[in-house]
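Heads up, the thing below is written out as structure tokens.
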Amino acid sequence: MAGRRRFEIPEGWVARGWQFEVEPTTPGQRSLIDQHFGARRVAHNWVLAQVKANLDARMADPTVPPLRWRLYDLRRAWNQAKQEVAPWWRECSKEAYSSGIADVVAALHAWSDAKDGRRAGRRVGFPRFKARHRDRGRVRFTTGAMRLEPDRRHLVLPVIGSLRSKENTRRLLRLVTKGRARVLSMTLSEHGGRLFVSVATIVAHTPRTPSEPEACCGIDLGIGRDWAVIAHADDTIQRVAHPAPWAQTQKQRRRVARQLSRRTIGSRGHRQARTKLAALDRRAANLRKHQVHTLTTALARRYGTVVVEDLDIAAMGRGMGRRAFRRGVSQAGIGAVRPTLAYKCSWAGGRLVVADRWFASSKTHHGCGGYRVDLQLSARAWVCPGCGQMVDRNANAALNLRDWTGPMSAAAPAAAAGMSSVGVVDAPVPFVGDHGGQAHALAWACKALEDHREVAGADDTRTEPLVARNLEQGYQSDDNCRCSLIW
Ligand SMILES: [Zn+2]
């Protein structure tokens with residue numbers, strides 16, 4: 001299968017995403033936006049149906065020529081058929097259809113790469129048809145009249161027009177105006193009834209040095225009372241608790257979830273409770289996100305070396321059961337810390353070290369090297385068999401990580417490389433002659449990549465090694481919904 005065209009980040013630039021919550025500025029705009037979401041789904045489903053029909057035909061008769069999974073080819077097929085399939089196609093931006101088709105192509109490649117063992121991480125199912133109740137409405141614009149307005153409050157998307165941002169766009173706008181940022185795409189999406197515009201950019205990177213370039217710190221993440229325990233270079237131990245409002249939100253969440261379960265599905269009360277629950281979830285997630293960012297920024301700017309544990313988040317999930325896992329690991333944002341540190345450390349000029357997964361950081365006494373074999377998972381403190389001292393479990397683990405000298409885990413190079421100054425970003429490459437606005441991809445930065453296996457993005461949370469899988473032949477849709485991991 002031919003490799004997908006990917007946008008290669010030029011030397012000295014880094015990929016960076018921005019998200020703004022927006023609201024419509026004109027009365028008819030909201031329905032126009034929904035129409036675009038629907039248009040994307042129609043193109044997505046139509047192309048997927050073509051691909052499926054082709055695969056079925058080829059299974060019955062191998063002489064049937066394969067349909068090439070390329071955005072260019074599939075988009076041309078759509079353009080030939082759209083008058084029949086969607087006579088209303090003129091009402092939406094062509095980007096709506098294009099983004100749906102691009103997503104099918106990406107999903108098909110992810111599926112076939114996973115099937116043949118070319119893709120690390122979990123197994124990927126065959127793409128599914130999108131339905132309104134199952135698909136988060138979204139549409140991505142890569143070309144056309146999209147821009148940030150100089151008033152720092154509005155974003156303009158093709159056909160949809162101006163949207164008011166609830167947040168000031170100053171930081172991004174300044175970079176764009178100075179030519180230090182280029183907009184690659186803008187994605188309008190809906191989440192919990194709210195609209196967001198995600199702006200994918202590349203930003204000119206300024207080399208920095210952390211304030212203590214020679215110093216080292218270790219972080220032990222947990223789901224108990226302490227969310228994170230940090231061993232600083234000067235031997236101080238910093239304990240970071242879960243944010244108090246977050247704990248409060250969790251309490252309210254329990255009550256509202258109970259209410260929801262008692263109400264009749266489809267009733268007004270049920271709908272109200274669901275909205276309330278979604279609001280609480282959003283608040284909890286935002287509080288957590290804020291905490292992850294403040295902690296990681298502070299550490300990345302200060303230390304030359306940050307050491308974290310190589311947590312097998314997926315295995316933790318398997319060991320704990322779904323509910324406990326959601327409440328503990330997912331909601332504590334533990335999985336988000338390492339990838340966030342990976343790119344922040346590299347931006348700040350430091351490095352992230354991932355200690356080997358099998359390093360017994362909790363069981364070894366930092367002071368004397370005494371080793372406690374039978375340490376219970378619930379034990380907060382233990383007595384060292386070597387010197388008889390009381391040892392605080394988390395603080396001890398953090399100190400051990402800080403002074404880590406052993407082998408780094410297999411995941412370390414990818415995580416430590418993080419967002420290097422050169423890499424690729426999974427953004428579709430705009431076609432030559434298809435440009436109309438601010439979003440011109442630099443011609444010299446476009447390159448088709450045959451092989452994208454080495455890509456380790458900043459959000460690379462993969463903890464499983466690359467294993468060749470021997471999955472069953474043929475294709476089928478994957479019914480194991482993985483969304484449950486992200487509550
Ligand atoms: Zn000891």
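Chain labels A, B, ... are given in the sequence in which chains occur in the structure tokens; within each chain residues are numbered consecutively from 1, and ligands are likewise numbered from 1 in the order shown.
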task = Could the residues that lie within 8 Å of ligand 1, counting only C-alpha atoms and all ligand atoms, be listed as a PyMOL selection string?
result = chain A and resi 365-371+383-389+391
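With only C-alpha atoms as the basis for measurement, A:Glu91 is the residue among A:Arg75, A:Glu91, A:Arg274, A:Tyr97 that approaches Ser31 in chain A most closely.
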task = Return the single residue from A:Ile9, A:Leu287, A:Ser361, A:Trp88 that is closest to Arg182 in chain A, with distances computed using only C-alpha atoms.
result =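 Closest candidate: A:Ile9.
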request  = Pick out the residues sitting within 10 Å of Asp281 in chain A, and hand them over as an NGL selection string; count only C-alpha atoms, and ignore anything fewer than 3 positions along from it in its own chain.
outcome  = :A and (192 or 246 or 249-250 or 253 or 275-278 or 284-287 or 331 or 487)
request  = Determine which residues of range 334-395 of chain A DSSP labels as helix (DSSP H, G or I) from the backbone of this structure, then write them out as a PyMOL selection string.
outcome  = chain A and resi 334-348+393-395
Restricted to all heavy atoms, what would the selected residues look like written as a compact mmCIF listing (two decimals), in the first residue's frame?
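Dumped to out.txt:
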# COMPACT_ATOMS: atom_id res chain seq x y z
N ILE A 334 -2.83 10.40 34.67
CA ILE A 334 -1.47 9.88 34.82
C ILE A 334 -0.84 9.61 33.46
O ILE A 334 0.34 9.88 33.23
CB ILE A 334 -1.50 8.61 35.69
CG1 ILE A 334 -1.71 9.04 37.13
CG2 ILE A 334 -0.23 7.81 35.56
CD1 ILE A 334 -1.85 7.91 38.07
N GLY A 335 -1.68 9.09 32.56
CA GLY A 335 -1.16 8.78 31.23
C GLY A 335 -0.76 10.02 30.46
O GLY A 335 -0.01 9.93 29.49
N ALA A 336 -1.23 11.19 30.87
CA ALA A 336 -0.96 12.40 30.11
C ALA A 336 0.37 13.04 30.50
O ALA A 336 0.89 13.87 29.78
CB ALA A 336 -2.10 13.41 30.32
N VAL A 337 0.90 12.66 31.67
CA VAL A 337 2.07 13.36 32.18
C VAL A 337 3.32 13.10 31.31
O VAL A 337 4.02 14.03 30.92
CB VAL A 337 2.34 12.99 33.65
CG1 VAL A 337 3.64 13.60 34.13
CG2 VAL A 337 1.21 13.48 34.52
N ARG A 338 3.56 11.84 31.02
CA ARG A 338 4.79 11.53 30.28
C ARG A 338 4.82 12.14 28.89
O ARG A 338 5.79 12.80 28.53
CB ARG A 338 5.01 10.02 30.22
CG ARG A 338 6.43 9.71 29.84
CD ARG A 338 6.66 8.24 29.68
NE ARG A 338 6.26 7.80 28.36
CZ ARG A 338 6.15 6.52 28.01
NH1 ARG A 338 6.37 5.58 28.89
NH2 ARG A 338 5.81 6.20 26.79
N PRO A 339 3.76 11.95 28.08
CA PRO A 339 3.81 12.57 26.76
C PRO A 339 3.91 14.09 26.82
O PRO A 339 4.58 14.70 25.98
CB PRO A 339 2.51 12.13 26.09
CG PRO A 339 1.81 11.25 27.02
CD PRO A 339 2.60 11.07 28.25
N THR A 340 3.27 14.69 27.82
CA THR A 340 3.34 16.15 27.94
C THR A 340 4.76 16.57 28.27
O THR A 340 5.30 17.51 27.70
CB THR A 340 2.36 16.64 29.02
OG1 THR A 340 1.10 16.02 28.81
CG2 THR A 340 2.20 18.13 28.98
N LEU A 341 5.37 15.84 29.22
CA LEU A 341 6.76 16.14 29.58
C LEU A 341 7.68 15.92 28.39
O LEU A 341 8.65 16.66 28.19
CB LEU A 341 7.20 15.24 30.73
CG LEU A 341 6.94 15.74 32.13
CD1 LEU A 341 7.28 14.66 33.13
CD2 LEU A 341 7.73 17.01 32.43
N ALA A 342 7.37 14.90 27.58
CA ALA A 342 8.25 14.57 26.47
C ALA A 342 8.43 15.77 25.55
O ALA A 342 9.55 16.13 25.19
CB ALA A 342 7.69 13.38 25.70
N TYR A 343 7.33 16.43 25.21
CA TYR A 343 7.51 17.55 24.29
C TYR A 343 7.94 18.82 25.00
O TYR A 343 8.74 19.59 24.48
CB TYR A 343 6.28 17.75 23.40
CG TYR A 343 5.06 18.39 24.01
CD1 TYR A 343 4.96 19.77 24.12
CD2 TYR A 343 3.98 17.64 24.43
CE1 TYR A 343 3.83 20.37 24.63
CE2 TYR A 343 2.85 18.22 24.96
CZ TYR A 343 2.78 19.59 25.06
OH TYR A 343 1.67 20.17 25.57
N LYS A 344 7.48 19.00 26.23
CA LYS A 344 7.87 20.22 26.93
C LYS A 344 9.36 20.22 27.27
O LYS A 344 10.01 21.26 27.19
CB LYS A 344 7.04 20.39 28.20
CG LYS A 344 5.65 20.87 27.89
CD LYS A 344 4.90 21.29 29.12
CE LYS A 344 3.49 21.68 28.72
NZ LYS A 344 2.63 21.88 29.88
N CYS A 345 9.89 19.07 27.68
CA CYS A 345 11.32 18.99 27.99
C CYS A 345 12.13 19.31 26.74
O CYS A 345 13.13 20.03 26.80
CB CYS A 345 11.69 17.60 28.48
SG CYS A 345 11.20 17.32 30.19
N SER A 346 11.70 18.77 25.60
CA SER A 346 12.50 19.01 24.41
C SER A 346 12.36 20.46 23.96
O SER A 346 13.32 21.05 23.47
CB SER A 346 12.15 18.00 23.32
OG SER A 346 11.34 18.56 22.35
N TRP A 347 11.22 21.08 24.18
CA TRP A 347 11.08 22.51 23.87
C TRP A 347 11.95 23.35 24.79
O TRP A 347 12.52 24.36 24.39
CB TRP A 347 9.63 22.96 24.05
CG TRP A 347 8.74 22.56 22.92
CD1 TRP A 347 9.11 21.89 21.78
CD2 TRP A 347 7.34 22.79 22.81
NE1 TRP A 347 8.02 21.69 20.98
CE2 TRP A 347 6.92 22.23 21.58
CE3 TRP A 347 6.39 23.42 23.62
CZ2 TRP A 347 5.58 22.28 21.15
CZ3 TRP A 347 5.08 23.46 23.20
CH2 TRP A 347 4.69 22.90 21.97
N ALA A 348 12.01 22.94 26.06
CA ALA A 348 12.72 23.75 27.05
C ALA A 348 14.21 23.48 27.03
O ALA A 348 14.96 24.11 27.76
CB ALA A 348 12.16 23.47 28.44
N ARG A 393 6.82 5.36 51.07
CA ARG A 393 6.81 4.68 49.78
C ARG A 393 7.01 5.62 48.58
O ARG A 393 7.91 5.43 47.76
CB ARG A 393 5.48 3.95 49.64
CG ARG A 393 5.36 3.15 48.38
CD ARG A 393 3.91 2.90 48.04
NE ARG A 393 3.83 2.11 46.84
CZ ARG A 393 3.75 0.79 46.82
NH1 ARG A 393 3.72 0.12 47.93
NH2 ARG A 393 3.70 0.14 45.68
N ASN A 394 6.16 6.66 48.51
CA ASN A 394 6.19 7.50 47.30
C ASN A 394 7.43 8.37 47.23
O ASN A 394 8.03 8.53 46.16
CB ASN A 394 4.94 8.39 47.25
CG ASN A 394 3.68 7.56 47.10
OD1 ASN A 394 3.75 6.40 46.69
ND2 ASN A 394 2.55 8.13 47.43
N ALA A 395 7.81 8.93 48.38
CA ALA A 395 8.99 9.78 48.40
C ALA A 395 10.23 8.98 48.03
O ALA A 395 11.10 9.43 47.27
CB ALA A 395 9.17 10.42 49.77
task = Pick out the closest residue to Glu95 in chain A from this set: A:Pro65, A:His205, A:Ala60, A:Arg140. Count only C-alpha atoms.
result = A:Arg140
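Separating CA of Ala96 in chain A from CA of Pro24 in chain A is a distance of 17.8 Å.
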task = Write out as a PyMOL selection string all residues of range 116-307 of chain A that DSSP puts in strand (DSSP E) for this structure's backbone.
result = chain A and resi 138-141+147-148+154-157+161-165+181-191+194-204+212-221+226-231+237-241+303-307
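With only C-alpha atoms taken into account, the protein and nucleic acid residues at most 7 Å from Ser185 in chain A (excluding it and anything under 3 positions from it in its own chain) are Arg140, Phe141, Thr142, Val199, Ala200 and Ala439 of chain A.
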task = Rank nothing, just name the residue among A:Ile219, A:Ala181, A:Ala273, A:Ala381 nearest to Val14 in chain A, using only C-alpha atoms.
result =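 Nearest candidate to Val14 in chain A out of A:Ile219, A:Ala181, A:Ala273, A:Ala381: A:Ala181.
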Close residues, Leu163 in chain A itself excluded, 8 Å, only C-alpha atoms, min 6 positions apart in chain, as a CSV table (one decimal) with C-alpha atoms, in the first residue's frame:
chain,number,residue,atom,x,y,z
A,22,VAL,CA,-16.2,29.4,19.8
A,23,GLU,CA,-19.7,30.5,19.4
A,24,PRO,CA,-21.7,31.3,16.3
A,25,THR,CA,-22.0,35.0,15.3
A,154,HIS,CA,-12.8,36.0,15.9
A,155,LEU,CA,-11.8,33.1,13.7
A,156,VAL,CA,-13.0,32.8,10.1
A,157,LEU,CA,-13.6,29.5,8.4
